[in-house]
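What follows is a set of notes on a single structure, which appears directly below.
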Amino acid sequence: MLSRVAETLYWTARYVERAENLARLINVNNLLLMDLPKGFSPGWEPLLDITGNREPFEAIYNEYSEKNVVKFLTVDTRNPSSILNSLQYARDNARTIRDVIPREVWETLNALHLSVKENSTSFLSKRGRFASLKQVINQCLLMFGTMDASMSHDEGYFFWRFGAALERADMTSRIIDVRSSTLTEDMSDLPFENILWMSVLRSLSGYQMYRQKMGVRIRPGDVLLFMLHSKEFPRSVLFCLNKLRSLFLNLPDNEAMIERIDHSISDLEKQPVATLRGRALHNYIDELQIDFADIHQQLAEQYFLH
């Protein structure tokens with residue numbers, strides 16, 4: 001397989017996964033703000049920290065209002081990580097490899113991009129936002145499902161899955177970092193703490209699976225253990241790292257990549273994540289994100305940059 005094709009599949013999956021994750025995050029924040037009293041609400045500002053977009057946002061807007069933040073994260077073309085731009089980049093990449101991916105994936109991605117672009121105002125109104133975000137989530141899931149069911153599970157498919165898993169692990173770590181920082185520093189003794197930790201799980205579509213695995217009660221340590229160490233839940237960091245490793249078992253010249261991923265898995269398994277709080281948790285999440293960046297860099301140097 002050509003390095004160009006492998007890299008294009010990798011980045012297309014990352015952009016689609018990014019759009020889906022961002023849509024989930026905005027939807028859950030809507031629900032969270034309705035559940036909490038106004039005085040205890042974290043507002044919309046934390047979403048900029050989760051996505052790493054505080055500085056670009058401040059260069060354009062001077063107020064962290066709901067309208068500004070939602071527009072910036074969904075349909076603002078000046079934000080490279082907005083849902084609209086993520087789908088645009090995914091579409092531009094997929095167009096160059098239409099002979100590699102299933103036709104249905106291209107058609108779904110193209111139609112979703114056009115729909116978001118043409119109906120951008122629906123994301124800005126409370127009445128239409130939920131349905132528009134839900135459409136993004138459902139169509140992204142449809143693309144991943146179609147790839148899984150319709151594309152040969154060859155080297156190209158493995159690079160697609162690798163991109164999606166790495167993007168997912170990165171978003172999980174970001175949500176835990178920013179949400180837990182708000183919780184532990186500002187609201188740890190408040191009766192609304194459980195609602196906030198519940199929002200962490202819902203942001204990652206993990207609330208139902210958490211209750212099945214860990215019990216009904218929401219405990220900070222249990223949430224961290226589930227979202228970082230679970231080997232069964234597909235959005236946990238450990239699950240994603242194990243998926244990265246399993247994908248590379250099928251690729252040539254894989255020894256260095258497997259060794260690098262094994263190092264990250266070993267470090268994560270040794271970490272007593274259930275006991276981490278405040279600055280210690282933040283520092284550890286920073287280490288995780290450096291690991292993800294290193295994995296990406298090694299992947300690019302070994303397979304893409306020829």
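The way I read the labels, and the way they are meant: chains A, B, ... in the order of the structure tokens, residue 1 as the first residue of every chain, and ligand 1 as the first ligand shown, with later ones counted on from there.
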
**OP:** Do a neighbour search on Gln208 (chain A) at 12 Å with only C-alpha atoms, toss out local chain neighbours closer than 6 positions, and write the hits as a ChimeraX atom specification.
**Re:** /A:198-199,201-202,214-218,226,233

Original post:
Got a sec: who's within 8 Å of region 241-245 of chain A, counting only C-alpha atoms, leaving out chain neighbours fewer than 4 positions off, as a list of chain:residue names?
Top reply: A:Phe162, A:Ala165, A:Leu166, A:Ala169, A:Val237, A:Leu249, A:Ile258, A:Ile261, A:Asp262, A:Ser264, A:Ile265

Filtering to all heavy atoms, could you give me those residues as a short mmCIF file (atom, residue, chain, number, x, y, z; two decimals), in the first residue's frame?
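out_10.cif, freshly written:
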```
data_model
loop_
_atom_site.label_atom_id
_atom_site.label_comp_id
_atom_site.auth_asym_id
_atom_site.auth_seq_id
_atom_site.Cartn_x
_atom_site.Cartn_y
_atom_site.Cartn_z
N PHE A 162 -6.73 2.54 13.22
CA PHE A 162 -5.70 3.11 14.08
C PHE A 162 -5.96 4.59 14.32
O PHE A 162 -5.88 5.08 15.45
CB PHE A 162 -4.32 2.92 13.43
CG PHE A 162 -3.16 3.11 14.37
CD1 PHE A 162 -2.57 2.04 14.98
CD2 PHE A 162 -2.67 4.38 14.64
CE1 PHE A 162 -1.50 2.21 15.85
CE2 PHE A 162 -1.61 4.58 15.49
CZ PHE A 162 -1.02 3.47 16.12
N ALA A 165 -8.99 5.02 16.72
CA ALA A 165 -8.69 4.62 18.11
C ALA A 165 -7.79 5.64 18.80
O ALA A 165 -7.98 5.96 19.98
CB ALA A 165 -8.05 3.24 18.13
N LEU A 166 -6.81 6.17 18.08
CA LEU A 166 -5.91 7.15 18.69
C LEU A 166 -6.65 8.46 18.98
O LEU A 166 -6.47 9.06 20.04
CB LEU A 166 -4.71 7.40 17.77
CG LEU A 166 -3.57 8.22 18.37
CD1 LEU A 166 -3.02 7.55 19.62
CD2 LEU A 166 -2.45 8.41 17.33
N ALA A 169 -8.89 7.85 22.10
CA ALA A 169 -8.14 7.84 23.35
C ALA A 169 -7.76 9.26 23.76
O ALA A 169 -7.84 9.63 24.95
CB ALA A 169 -6.88 6.98 23.20
N VAL A 237 -9.21 4.44 27.74
CA VAL A 237 -7.87 4.65 27.19
C VAL A 237 -7.14 3.31 27.02
O VAL A 237 -6.50 3.06 25.99
CB VAL A 237 -7.06 5.60 28.08
CG1 VAL A 237 -5.60 5.69 27.61
CG2 VAL A 237 -7.69 7.00 28.08
N LEU A 249 -0.24 -5.84 14.89
CA LEU A 249 0.20 -7.22 14.74
C LEU A 249 0.10 -7.68 13.29
O LEU A 249 0.76 -8.63 12.88
CB LEU A 249 -0.62 -8.14 15.64
CG LEU A 249 -0.46 -7.95 17.15
CD1 LEU A 249 -1.42 -8.86 17.90
CD2 LEU A 249 0.98 -8.22 17.58
N ILE A 258 5.03 -1.66 18.08
CA ILE A 258 4.47 -2.49 19.15
C ILE A 258 5.20 -2.24 20.46
O ILE A 258 4.58 -2.15 21.53
CB ILE A 258 4.51 -3.98 18.75
CG1 ILE A 258 3.51 -4.25 17.63
CG2 ILE A 258 4.22 -4.88 19.96
CD1 ILE A 258 3.50 -5.68 17.13
N ILE A 261 3.92 1.10 21.88
CA ILE A 261 2.57 1.00 22.42
C ILE A 261 2.58 0.16 23.71
O ILE A 261 1.88 0.49 24.68
CB ILE A 261 1.61 0.39 21.38
CG1 ILE A 261 1.50 1.33 20.17
CG2 ILE A 261 0.22 0.16 21.98
CD1 ILE A 261 0.82 0.71 18.97
N ASP A 262 3.38 -0.91 23.74
CA ASP A 262 3.49 -1.74 24.95
C ASP A 262 3.98 -0.92 26.13
O ASP A 262 3.54 -1.12 27.27
CB ASP A 262 4.44 -2.91 24.71
CG ASP A 262 3.77 -4.06 23.98
OD1 ASP A 262 2.53 -4.11 23.95
OD2 ASP A 262 4.50 -4.93 23.44
N SER A 264 3.43 2.28 26.66
CA SER A 264 2.30 3.09 27.13
C SER A 264 1.30 2.25 27.90
O SER A 264 0.77 2.68 28.94
CB SER A 264 1.61 3.76 25.93
OG SER A 264 2.47 4.65 25.27
N ILE A 265 1.03 1.04 27.41
CA ILE A 265 0.08 0.15 28.10
C ILE A 265 0.61 -0.23 29.48
O ILE A 265 -0.13 -0.20 30.47
CB ILE A 265 -0.17 -1.12 27.25
CG1 ILE A 265 -0.94 -0.77 25.99
CG2 ILE A 265 -0.93 -2.17 28.06
CD1 ILE A 265 -1.08 -1.92 25.01
#
```

**OP:** Rank A:Arg91, A:Lys67, A:Lys134, A:Arg129 by their smallest atom-to-atom distance to His113 (chain A), using only C-alpha atoms, and report the top residue only.
**Re:**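 Comparing A:Arg91, A:Lys67, A:Lys134, A:Arg129 against His113 (chain A), the winner is A:Arg91.
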
**OP:** Check the smallest atom-to-atom distance from each of A:Pro234, A:Glu255, A:Asp49, A:Leu142 to Val178 (chain A) using only C-alpha atoms, then report the winner.
**Re:** A:Asp49
